[in-house]
Structure formats: C-alpha cells, structure tokens
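Q: Take this structure, written in structure tokens, and hold onto it; I'll ask about it next.
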Amino acid sequence: MKRLMLTVWLTGLAALAQAQLYDPSAFDKVYDGLLKHPGVQIESAEAINQMYNYKFYEADKEFRWLRTRYPKHPMPYFMMGLAEWWKIVPNTDITDYDDQCLMYMDSTIALAEELYDKNENKVEPAFFLAAAYAFKGRLYSERKKWAKATLAGKNALKYFDKCKGNADISPELLFGDGMYNYYAQWIPENYPLLKPILAFFPKGNKKSGIQQLEKTANTAFYTRVEARYFLLQIYSMESQYDKAYEMAKYMTEQYPDNPFFERYYARSAFAQGRLNEAERVSKDILAKIERSQSGYEGVSGRTAAYILGYINQLFYKNLPEAKANYLKSMEFAKQTNSMDAGYYWSSVLALGKIATEEKQYDQAQAYFKEVIDKAERKSSQFKEAKKALDANKKSRREERRSRRE
C-alpha cells in the first residue's frame with residue numbers, strides 16, 4: 001500500500017513539474033506567432049525528426065494534432081506539404097505526391113494571406129508565403145512547367161524581400177536571405193539565358209549566401225535541416241568535398257533512414273577515397289531497397305551498386321561480384337529511366353574492361369561500342385571507351401600472333 005501511494009505521489013509530482021516547465025496556453029499568451037513559440041517547437045520537434053527520418057505516418061499524426069490546435073495558422077499545412085515534398089526528394093521523376101504537396105502549399109498560402117492582411121506582424125506570414133511559393137516553384141520546375149514555376153518564383157521573391165533583414169526576429173528568416181544570395185549569383189553563372197530575367201532583381205553573393213545558410217543550419221529550428229540539405233549540394237557544386245562529406249555523414253547519423261542523405265554519404269565517402277565507409281553504406285542502401293523501405297529505390301540503388309562494383313573490381317579483385325553489381329547498377333538505371341546517367345555508362349565501360357581482362361574480346365568490344373555509340377561524346381566514359389576499344393583490338397591481335405607462333 002505504501003509503495004502504491006509513493007508511486008501515485010511521484011507521478012503527480014512529475015505531472016506538476018511538467019506543467020510548470022511547459023504550459024502551452026501560457027506560451028500562447030506571450031507569443032504572437034508560432035516561429036518563435038517554444039511550446040510549438042516542443043510539440044513539433046519529434047514530428048519533424050520523424051519526417052526527416054522517413055517515418056511519415058508517425059509525423060503526420062503529430063502535424064494533424066498541430067493543425068487541430070492551430071487551425072487558422074499556415075504552419076501545420078506547410079509542414080504536411082513539406083512531408084509530401086520529402087517523399088519526392090529521393091527520385092524527383094516520381095509524380096505520385098505532386099497533387100497532395102501542391103494542395104498543402106495552397107492551403108498554406110491561403111491562411112498566410114489572411115494573417116498577412118489582418119496582423120500587424122507581417123514578417124511571419126510573409127515567411128510562410130515565401131516558403132510555400134518557393135516549394136511550388138521548385139516542383140513546377142521539376143515538371144518543366146516553366147510559366148507556373150516563374151510565377152511562383154516571383155511571388156516567393158516578393159515575400160522573401162518582406163522577410164529580408166529580420167534574422168534578429170527569428171533565425172528562420174535568414175534561410176531566405178542565404179538562398180537568394182547564393183542562387184541569384186549561381187543561376188546566371190550556370191544558365192546565361194536567364195540573365196535578362198534576373199537583371200531586375202538585386203545581385204546575389206554566393207559567399208554571403210553560404211555563410212547565411214551555415215548560420216541557419218546551426219541556429220534555426222524549422223529550416224535547419226532544409227539549410228543543410230541545400231548546403232550539401234552547394235558544397236559539392238563548389239568543390240568543397242570535405243565539407244560535403246562531413247555534412248552527409250552527420251546528417252546520415254542524425255537520420256539513418258533518410259535515402260537522400262545516405263546516398264550523398266555513400267557518394268562523398270567514395271569520392272574521398274573512404275572506401276570502407278562507402279562499401280558499408282552502399283550495402284545498407286541495397287539492403288533497404290531489397291526490403292522495400294520507404295524512400296529507397298532505383299536512384300539510390302544505381303549509386304550504391306556502382307560503388308560496390310568498383311570496389312570489388314579494383315580492390316578486392318572479385319570480378320564475379322564486381323560484374324553482378326555493375327549489372328545491378330545498370331538495371332536500376334533502366335528502372336529510373338536514367339540510362340544517360342554517368343553511373344550507367346561507367347558500369348558498361350567497367351564491364352568491357354573486365355571482359356578484356358578475362359580475354360572475352362567480342363563481349364568487351366560490344367560493351368565499348370555501346371558506350372561509343374550512345375554516350376555523350378564529351379563525356380569521360382566516351383573518351384575512355386575509345387581508348388579501351390583500341391587497346392582491346394591490340395590485345396586481340398597479339399593473342400592471335402602468339403597462337404600462330
């Protein structure tokens with residue numbers, strides 16, 4: 001009986017302590033928005049982590065609870081739309097989640113516009129308007145719907161401008177500054193045809209953009225992972241491979257079931273010559289594809305299988321295993337309609353080299369000719385295949401000569 005009373009007393013004390021530490025209604029009275037609202041951060045933290053770790057069912061339950069609690073705020077709808085976007089991320093050719101993503105972003109925009117018109121605080125609704133339009137623009141550009149992408153992009157920039165310079169209010173707002181600064185310089189450098197359009201907008205600064213995104217990645221709550229997602233790609237584009245590797249490794253440790261981060265980890269470890277890590281991660285990716293784990297499919301598969309083929313061919317000298325993985329990489333490329341990708345042609349080229357090594361000269365010639373006939377003429381695989389074909393013919397002549405002798 002004493003033990004039971006003690007248990008009840010301790011449980012009550014714990015509940016009282018929790019109520020004193022976190023009273024949602026008390027927070028609602030203090031904060032006029034949700035971006036800085038610590039109560040909302042406490043309530044949504046687990047859901048956000050579940051979302052980025054591809055546990056979408058669990059995340060959705062929490063986001064829906066947040067929507068019930070704040071039915072007229074755009075944040076819950078934005079988070080649900082973001083979850084749909086992350087279902088698209090591993091393979092942007094998949095269109096199954098487009099309608100749901102756009103629906104949630106449209107709901108975000110409608111509610112944010114109401115807040116923008118009614119509230120004195122324009123910054124928070126402007127943030128959600130900018131973010132929702134930005135995601136719509138990104139999705140439309142993936143679908144090559146350029147007119148819709150341009151309109152959404154213009155709206156995003158309009159509201160990003162409203163948020164600009166308000167990072168002291170919330171570190172979330174620095175995300176837009178960083179994105180604009182980097183890509184406003186990067187786009188005209190890489191797509192000269194878009195220069196006339198961007199001439200009407202302020203000039204960007206890639207260095208400042210990276211610094212702002214790095215600060216967001218370290219200080220923000222809602223946009224922290226999104227900043228890291230973009231930084232991972234930016235580091236690769238800027239040839240900052242050490243940073244790309246460290247970021248990919250860290251994000252995979254944080255979200256071990258996120259296929260995008262794990263794929264980048266395998267790639268960056270491989271590029272850095274960290275072959276033990278690349279091998280371990282690639283095997284993990286293929287095992288997850290084998291059991292149909294959420295988000296793991298052919299795009300990740302072609303990367304992982306190629307890495308394992310390369311390691312088995314050149315380091316373990318296990319040619320049967322190497323061939324099996326190269327063929328698997330090619331099959332994944334066919335499944336994802338990406339036979340023009342480097343992994344496909346590198347696999348075909350490698351199979352030709354293995355066939356040459358095994359003195360299967362006809363088979364080797366067929367592989368090299370496939371690369372020469374179909375790969376991009378400026379690609380390294382095309383140039384290497386031409387050299388390999390010449391070497392193959394020479395080896396064949398030498399073998400015939402030795403037989404005659």
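Letters A, B, ... mark the chains of the structure tokens in the order given; residue numbers begin at 1 per chain; ligand numbers begin at 1, in order shown.
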List every residue of range 218-244 of chain A that has an atom at most 10 Å from any atom of range 260-268 of chain A, and for each one report the closest atom pair and its distance in Å to one decimal, counting only C-alpha atoms, with rows sorted by chain and then by increasing residue number, as a tab-separated table.

A:
residue	atom	partner	partner_atom	distance
A:Arg228	CA	A:Phe261	CA	10.0
A:Tyr229	CA	A:Phe261	CA	8.1
A:Leu232	CA	A:Tyr264	CA	8.2
A:Gln233	CA	A:Tyr264	CA	9.0
A:Ser236	CA	A:Ser268	CA	8.7
A:Tyr241	CA	A:Ser268	CA	7.1
A:Asp242	CA	A:Ser268	CA	8.3
A:Lys243	CA	A:Ser268	CA	9.5
A:Ala244	CA	A:Ser268	CA	6.7

Q: Could the residues in this selection be saved with N, CA, C and O atoms as a PDB file, in the first residue's frame?

A:
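The new file out.pdb reads:
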ATOM      1  N   ARG A 228      20.715  22.553 -44.403  1.00  0.00           N
ATOM      2  CA  ARG A 228      21.750  21.530 -44.566  1.00  0.00           C
ATOM      3  C   ARG A 228      21.563  20.745 -45.855  1.00  0.00           C
ATOM      4  O   ARG A 228      22.541  20.345 -46.499  1.00  0.00           O
ATOM      5  N   TYR A 229      20.316  20.517 -46.232  1.00  0.00           N
ATOM      6  CA  TYR A 229      20.005  19.841 -47.493  1.00  0.00           C
ATOM      7  C   TYR A 229      20.597  20.619 -48.673  1.00  0.00           C
ATOM      8  O   TYR A 229      21.239  20.042 -49.567  1.00  0.00           O
ATOM      9  N   LEU A 232      24.560  20.795 -48.569  1.00  0.00           N
ATOM     10  CA  LEU A 232      25.169  19.549 -49.033  1.00  0.00           C
ATOM     11  C   LEU A 232      25.382  19.591 -50.540  1.00  0.00           C
ATOM     12  O   LEU A 232      26.454  19.210 -51.051  1.00  0.00           O
ATOM     13  N   GLN A 233      24.397  20.083 -51.266  1.00  0.00           N
ATOM     14  CA  GLN A 233      24.513  20.187 -52.722  1.00  0.00           C
ATOM     15  C   GLN A 233      25.424  21.340 -53.130  1.00  0.00           C
ATOM     16  O   GLN A 233      26.208  21.217 -54.081  1.00  0.00           O
ATOM     17  N   SER A 236      29.105  20.464 -52.847  1.00  0.00           N
ATOM     18  CA  SER A 236      29.539  19.640 -53.980  1.00  0.00           C
ATOM     19  C   SER A 236      29.742  20.500 -55.224  1.00  0.00           C
ATOM     20  O   SER A 236      30.737  20.334 -55.950  1.00  0.00           O
ATOM     21  N   TYR A 241      34.579  19.372 -51.165  1.00  0.00           N
ATOM     22  CA  TYR A 241      34.213  17.971 -50.961  1.00  0.00           C
ATOM     23  C   TYR A 241      34.367  17.506 -49.516  1.00  0.00           C
ATOM     24  O   TYR A 241      33.629  16.632 -49.058  1.00  0.00           O
ATOM     25  N   ASP A 242      35.328  18.077 -48.790  1.00  0.00           N
ATOM     26  CA  ASP A 242      35.476  17.721 -47.378  1.00  0.00           C
ATOM     27  C   ASP A 242      34.220  18.099 -46.599  1.00  0.00           C
ATOM     28  O   ASP A 242      33.727  17.326 -45.773  1.00  0.00           O
ATOM     29  N   LYS A 243      33.734  19.308 -46.861  1.00  0.00           N
ATOM     30  CA  LYS A 243      32.529  19.774 -46.170  1.00  0.00           C
ATOM     31  C   LYS A 243      31.307  18.937 -46.566  1.00  0.00           C
ATOM     32  O   LYS A 243      30.454  18.633 -45.729  1.00  0.00           O
ATOM     33  N   ALA A 244      31.223  18.581 -47.853  1.00  0.00           N
ATOM     34  CA  ALA A 244      30.104  17.753 -48.308  1.00  0.00           C
ATOM     35  C   ALA A 244      30.122  16.404 -47.606  1.00  0.00           C
ATOM     36  O   ALA A 244      29.076  15.910 -47.160  1.00  0.00           O
TER      37      ALA A 244
END

Q: Which residues are close to Ala110 in chain A, i.e. within 12 Å by only C-alpha atoms, leaving aside same-chain residues fewer than 3 positions away? Reply as a PyMOL selection string.

A: chain A and resi 72-75+77-78+103-107+113-117+125-126+128-129+132-133

Q: For the residues selected in the previous step, produce a file with N, CA and C atoms as a PDB file, in the first residue's frame.

A:
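Once everything was written out, this is part_32.pdb:
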ATOM      1  N   LYS A  72      -6.094  27.911 -37.888  1.00  0.00           N
ATOM      2  CA  LYS A  72      -6.049  29.064 -38.797  1.00  0.00           C
ATOM      3  C   LYS A  72      -4.638  29.556 -39.061  1.00  0.00           C
ATOM      4  N   HIS A  73      -3.669  28.751 -38.657  1.00  0.00           N
ATOM      5  CA  HIS A  73      -2.268  29.136 -38.902  1.00  0.00           C
ATOM      6  C   HIS A  73      -1.701  28.294 -40.044  1.00  0.00           C
ATOM      7  N   PRO A  74      -0.861  28.883 -40.897  1.00  0.00           N
ATOM      8  CA  PRO A  74      -0.327  28.141 -42.052  1.00  0.00           C
ATOM      9  C   PRO A  74       0.715  27.075 -41.701  1.00  0.00           C
ATOM     10  N   MET A  75       1.327  27.166 -40.518  1.00  0.00           N
ATOM     11  CA  MET A  75       2.443  26.266 -40.214  1.00  0.00           C
ATOM     12  C   MET A  75       2.094  24.777 -40.346  1.00  0.00           C
ATOM     13  N   TYR A  77      -0.074  23.189 -42.114  1.00  0.00           N
ATOM     14  CA  TYR A  77      -0.258  22.821 -43.520  1.00  0.00           C
ATOM     15  C   TYR A  77       1.080  22.823 -44.257  1.00  0.00           C
ATOM     16  N   PHE A  78       1.936  23.797 -43.902  1.00  0.00           N
ATOM     17  CA  PHE A  78       3.242  23.844 -44.541  1.00  0.00           C
ATOM     18  C   PHE A  78       4.064  22.606 -44.194  1.00  0.00           C
ATOM     19  N   MET A 103      -1.506  20.902 -52.898  1.00  0.00           N
ATOM     20  CA  MET A 103      -2.710  21.217 -52.128  1.00  0.00           C
ATOM     21  C   MET A 103      -2.351  21.809 -50.773  1.00  0.00           C
ATOM     22  N   TYR A 104      -1.398  21.184 -50.081  1.00  0.00           N
ATOM     23  CA  TYR A 104      -0.991  21.701 -48.768  1.00  0.00           C
ATOM     24  C   TYR A 104      -0.318  23.071 -48.888  1.00  0.00           C
ATOM     25  N   MET A 105       0.476  23.270 -49.932  1.00  0.00           N
ATOM     26  CA  MET A 105       1.129  24.567 -50.114  1.00  0.00           C
ATOM     27  C   MET A 105       0.101  25.648 -50.446  1.00  0.00           C
ATOM     28  N   ASP A 106      -0.934  25.299 -51.218  1.00  0.00           N
ATOM     29  CA  ASP A 106      -2.010  26.265 -51.500  1.00  0.00           C
ATOM     30  C   ASP A 106      -2.769  26.619 -50.225  1.00  0.00           C
ATOM     31  N   SER A 107      -3.003  25.632 -49.356  1.00  0.00           N
ATOM     32  CA  SER A 107      -3.660  25.912 -48.067  1.00  0.00           C
ATOM     33  C   SER A 107      -2.781  26.815 -47.208  1.00  0.00           C
ATOM     34  N   GLU A 113      -2.009  34.409 -46.246  1.00  0.00           N
ATOM     35  CA  GLU A 113      -2.523  35.673 -46.791  1.00  0.00           C
ATOM     36  C   GLU A 113      -3.512  36.319 -45.826  1.00  0.00           C
ATOM     37  N   GLU A 114      -4.348  35.496 -45.192  1.00  0.00           N
ATOM     38  CA  GLU A 114      -5.290  36.029 -44.194  1.00  0.00           C
ATOM     39  C   GLU A 114      -4.535  36.668 -43.036  1.00  0.00           C
ATOM     40  N   LEU A 115      -3.502  35.962 -42.538  1.00  0.00           N
ATOM     41  CA  LEU A 115      -2.690  36.521 -41.448  1.00  0.00           C
ATOM     42  C   LEU A 115      -1.993  37.797 -41.882  1.00  0.00           C
ATOM     43  N   TYR A 116      -1.506  37.784 -43.102  1.00  0.00           N
ATOM     44  CA  TYR A 116      -0.766  38.945 -43.617  1.00  0.00           C
ATOM     45  C   TYR A 116      -1.667  40.185 -43.668  1.00  0.00           C
ATOM     46  N   ASP A 117      -2.915  39.967 -44.074  1.00  0.00           N
ATOM     47  CA  ASP A 117      -3.853  41.091 -44.187  1.00  0.00           C
ATOM     48  C   ASP A 117      -4.333  41.581 -42.822  1.00  0.00           C
ATOM     49  N   PRO A 125       3.833  35.735 -41.488  1.00  0.00           N
ATOM     50  CA  PRO A 125       3.066  35.248 -42.650  1.00  0.00           C
ATOM     51  C   PRO A 125       3.844  35.379 -43.953  1.00  0.00           C
ATOM     52  N   ALA A 126       4.675  36.424 -44.067  1.00  0.00           N
ATOM     53  CA  ALA A 126       5.499  36.586 -45.281  1.00  0.00           C
ATOM     54  C   ALA A 126       6.463  35.417 -45.423  1.00  0.00           C
ATOM     55  N   PHE A 128       5.980  32.279 -44.443  1.00  0.00           N
ATOM     56  CA  PHE A 128       5.260  31.097 -44.928  1.00  0.00           C
ATOM     57  C   PHE A 128       4.809  31.266 -46.376  1.00  0.00           C
ATOM     58  N   LEU A 129       4.466  32.495 -46.757  1.00  0.00           N
ATOM     59  CA  LEU A 129       4.120  32.748 -48.155  1.00  0.00           C
ATOM     60  C   LEU A 129       5.330  32.507 -49.056  1.00  0.00           C
ATOM     61  N   ALA A 132       6.141  28.641 -49.127  1.00  0.00           N
ATOM     62  CA  ALA A 132       5.169  27.837 -49.878  1.00  0.00           C
ATOM     63  C   ALA A 132       5.298  28.085 -51.376  1.00  0.00           C
ATOM     64  N   TYR A 133       5.438  29.357 -51.760  1.00  0.00           N
ATOM     65  CA  TYR A 133       5.612  29.663 -53.187  1.00  0.00           C
ATOM     66  C   TYR A 133       6.935  29.087 -53.709  1.00  0.00           C
TER      67      TYR A 133
END

Q: Show me, as a PyMOL selection string, the residues that have an atom within 12 Å of Glu172 in chain A when counting only C-alpha atoms, minus same-chain residues fewer than 2 positions from it.

A: chain A and resi 34-36+123-124+126-128+130-131+160+163-170+174-179+212-227

Q: Sort by chain and increasing residue number a table of all residues of range 212-312 of chain A within 8 Å of range 41-53 of chain A, each with its closest pair of atoms and their distance in Å to one decimal, counting only C-alpha atoms, and write it as a tab-separated table.

A:
residue	atom	partner	partner_atom	distance
A:Phe221	CA	A:Gln41	CA	7.7
A:Tyr255	CA	A:Asn53	CA	4.8
A:Pro256	CA	A:Asn53	CA	6.7
A:Asp257	CA	A:Asn53	CA	5.2
A:Asn258	CA	A:Asn53	CA	5.1

Q: Could you dump the residues just selected with C-alpha atoms as a PDB file, in the first residue's frame?

A:
ATOM      1  CA  PHE A 221      14.709  25.219 -35.722  1.00  0.00           C
ATOM      2  CA  TYR A 255      18.539  10.496 -39.878  1.00  0.00           C
ATOM      3  CA  PRO A 256      19.812   6.986 -40.730  1.00  0.00           C
ATOM      4  CA  ASP A 257      16.716   6.112 -42.786  1.00  0.00           C
ATOM      5  CA  ASN A 258      16.775   9.217 -44.996  1.00  0.00           C
TER       6      ASN A 258
END

Q: Do a neighbour search on range 365-371 of chain A at 8 Å with only C-alpha atoms, toss out local chain neighbours closer than 6 positions, and write the hits as a ChimeraX atom specification.

A: /A:345,348-349,351-352,381-382,385-386,388-389,392

Q: Residues of range 206-275 of chain A classed as alpha helix (DSSP H) by DSSP on the backbone are to be reported as a ChimeraX atom specification.

A: /A:206-219,224-237,241-254,259-271,275

Q: Please build the interface table for range 357-401 of chain A against range 330-340 of chain A with a cut-off of 10 Å, listing for each qualifying residue the nearest atom pair and the distance in Å to one decimal; count only C-alpha atoms, order rows by chain and increasing number, and write it as a Markdown table.

A:
| residue | atom | partner | partner_atom | distance |
| --- | --- | --- | --- | --- |
| A:Lys374 | CA | A:Asp340 | CA | 8.4 |
| A:Ala375 | CA | A:Asp340 | CA | 6.9 |
| A:Glu376 | CA | A:Asp340 | CA | 7.9 |

Q: Do you have the CA of Glu384 in chain A-CA of Arg274 in chain A distance handy?

A: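 Calculated distance between CA of Glu384 in chain A and CA of Arg274 in chain A is 24.5 Å.
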
Q: In Å, rounded to a single decimal, give me how far CA of Leu82 in chain A is from CA of Lys61 in chain A.

A: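 Between CA of Lys61 in chain A and CA of Leu82 in chain A the gap is 14.3 Å.
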
Q: With only C-alpha atoms as the atoms that count, which of A:Ala287, A:Val299, A:Ile234, A:Ile307 lies nearest to Ala271 in chain A?

A: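 Distance minimum relative to Ala271 in chain A lands on A:Ile307.
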
Q: Could you state the separation of CA of Tyr183 in chain A and CA of Lys87 in chain A in Å, given to one decimal place?

A: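 Interatomic distance here is 24.0 Å.
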
Q: Skipping near chain neighbours, those fewer than 3 positions away, what residues fall within 10 Å of Asn325 in chain A using only C-alpha atoms, listed as a PyMOL selection string?

A: chain A and resi 302+304-313+319-322+328-331+347

Q: For N, CA, C and O atoms, I'd like the residues from the last selection saved as a PDB file, in the first residue's frame.

A:
ATOM      1  N   ARG A 302      21.304   2.619 -58.006  1.00  0.00           N
ATOM      2  CA  ARG A 302      22.323   2.652 -59.062  1.00  0.00           C
ATOM      3  C   ARG A 302      23.642   3.199 -58.525  1.00  0.00           C
ATOM      4  O   ARG A 302      24.709   2.764 -58.938  1.00  0.00           O
ATOM      5  N   ALA A 304      24.692   2.987 -55.224  1.00  0.00           N
ATOM      6  CA  ALA A 304      25.260   2.001 -54.299  1.00  0.00           C
ATOM      7  C   ALA A 304      25.849   0.811 -55.044  1.00  0.00           C
ATOM      8  O   ALA A 304      26.943   0.335 -54.726  1.00  0.00           O
ATOM      9  N   ALA A 305      25.122   0.318 -56.042  1.00  0.00           N
ATOM     10  CA  ALA A 305      25.594  -0.859 -56.778  1.00  0.00           C
ATOM     11  C   ALA A 305      26.864  -0.543 -57.555  1.00  0.00           C
ATOM     12  O   ALA A 305      27.788  -1.373 -57.614  1.00  0.00           O
ATOM     13  N   TYR A 306      26.942   0.655 -58.142  1.00  0.00           N
ATOM     14  CA  TYR A 306      28.166   1.011 -58.880  1.00  0.00           C
ATOM     15  C   TYR A 306      29.369   1.076 -57.939  1.00  0.00           C
ATOM     16  O   TYR A 306      30.460   0.571 -58.265  1.00  0.00           O
ATOM     17  N   ILE A 307      29.187   1.693 -56.774  1.00  0.00           N
ATOM     18  CA  ILE A 307      30.283   1.796 -55.807  1.00  0.00           C
ATOM     19  C   ILE A 307      30.789   0.411 -55.416  1.00  0.00           C
ATOM     20  O   ILE A 307      32.003   0.160 -55.373  1.00  0.00           O
ATOM     21  N   LEU A 308      29.864  -0.503 -55.159  1.00  0.00           N
ATOM     22  CA  LEU A 308      30.264  -1.868 -54.786  1.00  0.00           C
ATOM     23  C   LEU A 308      30.941  -2.586 -55.958  1.00  0.00           C
ATOM     24  O   LEU A 308      31.879  -3.368 -55.755  1.00  0.00           O
ATOM     25  N   GLY A 309      30.487  -2.327 -57.173  1.00  0.00           N
ATOM     26  CA  GLY A 309      31.141  -2.911 -58.336  1.00  0.00           C
ATOM     27  C   GLY A 309      32.570  -2.434 -58.463  1.00  0.00           C
ATOM     28  O   GLY A 309      33.498  -3.240 -58.686  1.00  0.00           O
ATOM     29  N   TYR A 310      32.761  -1.134 -58.293  1.00  0.00           N
ATOM     30  CA  TYR A 310      34.097  -0.533 -58.398  1.00  0.00           C
ATOM     31  C   TYR A 310      35.048  -1.106 -57.339  1.00  0.00           C
ATOM     32  O   TYR A 310      36.187  -1.472 -57.640  1.00  0.00           O
ATOM     33  N   ILE A 311      34.568  -1.161 -56.100  1.00  0.00           N
ATOM     34  CA  ILE A 311      35.410  -1.656 -55.004  1.00  0.00           C
ATOM     35  C   ILE A 311      35.785  -3.118 -55.225  1.00  0.00           C
ATOM     36  O   ILE A 311      36.941  -3.520 -55.044  1.00  0.00           O
ATOM     37  N   ASN A 312      34.818  -3.930 -55.655  1.00  0.00           N
ATOM     38  CA  ASN A 312      35.103  -5.347 -55.885  1.00  0.00           C
ATOM     39  C   ASN A 312      36.037  -5.550 -57.078  1.00  0.00           C
ATOM     40  O   ASN A 312      36.891  -6.439 -57.052  1.00  0.00           O
ATOM     41  N   GLN A 313      35.900  -4.709 -58.086  1.00  0.00           N
ATOM     42  CA  GLN A 313      36.750  -4.857 -59.266  1.00  0.00           C
ATOM     43  C   GLN A 313      38.200  -4.459 -58.983  1.00  0.00           C
ATOM     44  O   GLN A 313      39.134  -5.209 -59.285  1.00  0.00           O
ATOM     45  N   LEU A 319      36.039 -10.329 -59.474  1.00  0.00           N
ATOM     46  CA  LEU A 319      35.387  -9.936 -60.723  1.00  0.00           C
ATOM     47  C   LEU A 319      33.941 -10.422 -60.833  1.00  0.00           C
ATOM     48  O   LEU A 319      33.084  -9.674 -61.327  1.00  0.00           O
ATOM     49  N   PRO A 320      33.610 -11.642 -60.390  1.00  0.00           N
ATOM     50  CA  PRO A 320      32.196 -12.047 -60.446  1.00  0.00           C
ATOM     51  C   PRO A 320      31.282 -11.117 -59.638  1.00  0.00           C
ATOM     52  O   PRO A 320      30.193 -10.750 -60.086  1.00  0.00           O
ATOM     53  N   GLU A 321      31.738 -10.731 -58.440  1.00  0.00           N
ATOM     54  CA  GLU A 321      30.940  -9.824 -57.608  1.00  0.00           C
ATOM     55  C   GLU A 321      30.873  -8.433 -58.236  1.00  0.00           C
ATOM     56  O   GLU A 321      29.824  -7.764 -58.194  1.00  0.00           O
ATOM     57  N   ALA A 322      31.982  -8.000 -58.826  1.00  0.00           N
ATOM     58  CA  ALA A 322      32.010  -6.704 -59.500  1.00  0.00           C
ATOM     59  C   ALA A 322      31.012  -6.685 -60.651  1.00  0.00           C
ATOM     60  O   ALA A 322      30.216  -5.744 -60.798  1.00  0.00           O
ATOM     61  N   LYS A 328      23.681  -4.771 -61.814  1.00  0.00           N
ATOM     62  CA  LYS A 328      22.606  -4.303 -60.934  1.00  0.00           C
ATOM     63  C   LYS A 328      22.446  -2.779 -61.059  1.00  0.00           C
ATOM     64  O   LYS A 328      21.321  -2.262 -61.110  1.00  0.00           O
ATOM     65  N   SER A 329      23.574  -2.061 -61.123  1.00  0.00           N
ATOM     66  CA  SER A 329      23.530  -0.605 -61.289  1.00  0.00           C
ATOM     67  C   SER A 329      22.856  -0.237 -62.603  1.00  0.00           C
ATOM     68  O   SER A 329      22.034   0.690 -62.670  1.00  0.00           O
ATOM     69  N   MET A 330      23.184  -0.982 -63.677  1.00  0.00           N
ATOM     70  CA  MET A 330      22.559  -0.734 -64.976  1.00  0.00           C
ATOM     71  C   MET A 330      21.062  -1.005 -64.921  1.00  0.00           C
ATOM     72  O   MET A 330      20.259  -0.266 -65.508  1.00  0.00           O
ATOM     73  N   GLU A 331      20.672  -2.046 -64.215  1.00  0.00           N
ATOM     74  CA  GLU A 331      19.246  -2.369 -64.099  1.00  0.00           C
ATOM     75  C   GLU A 331      18.494  -1.279 -63.342  1.00  0.00           C
ATOM     76  O   GLU A 331      17.387  -0.886 -63.734  1.00  0.00           O
ATOM     77  N   SER A 347      29.346   1.841 -65.680  1.00  0.00           N
ATOM     78  CA  SER A 347      29.158   0.403 -65.452  1.00  0.00           C
ATOM     79  C   SER A 347      29.400  -0.391 -66.728  1.00  0.00           C
ATOM     80  O   SER A 347      30.060  -1.442 -66.715  1.00  0.00           O
TER      81      SER A 347
END

Q: Neighbours of Arg64 in chain A within 9 Å (only C-alpha atoms; same-chain residues fewer than 4 positions away dropped), as a ChimeraX atom specification?

A: /A:59-60,68-69,76-77,80

Q: Have a look at A:Lys317, A:Lys154, A:Arg377, A:Arg401 and name the one nearest to Gly137 in chain A; count only C-alpha atoms.

A: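 Using only C-alpha atoms, the shortest distance to Gly137 in chain A belongs to A:Lys154.
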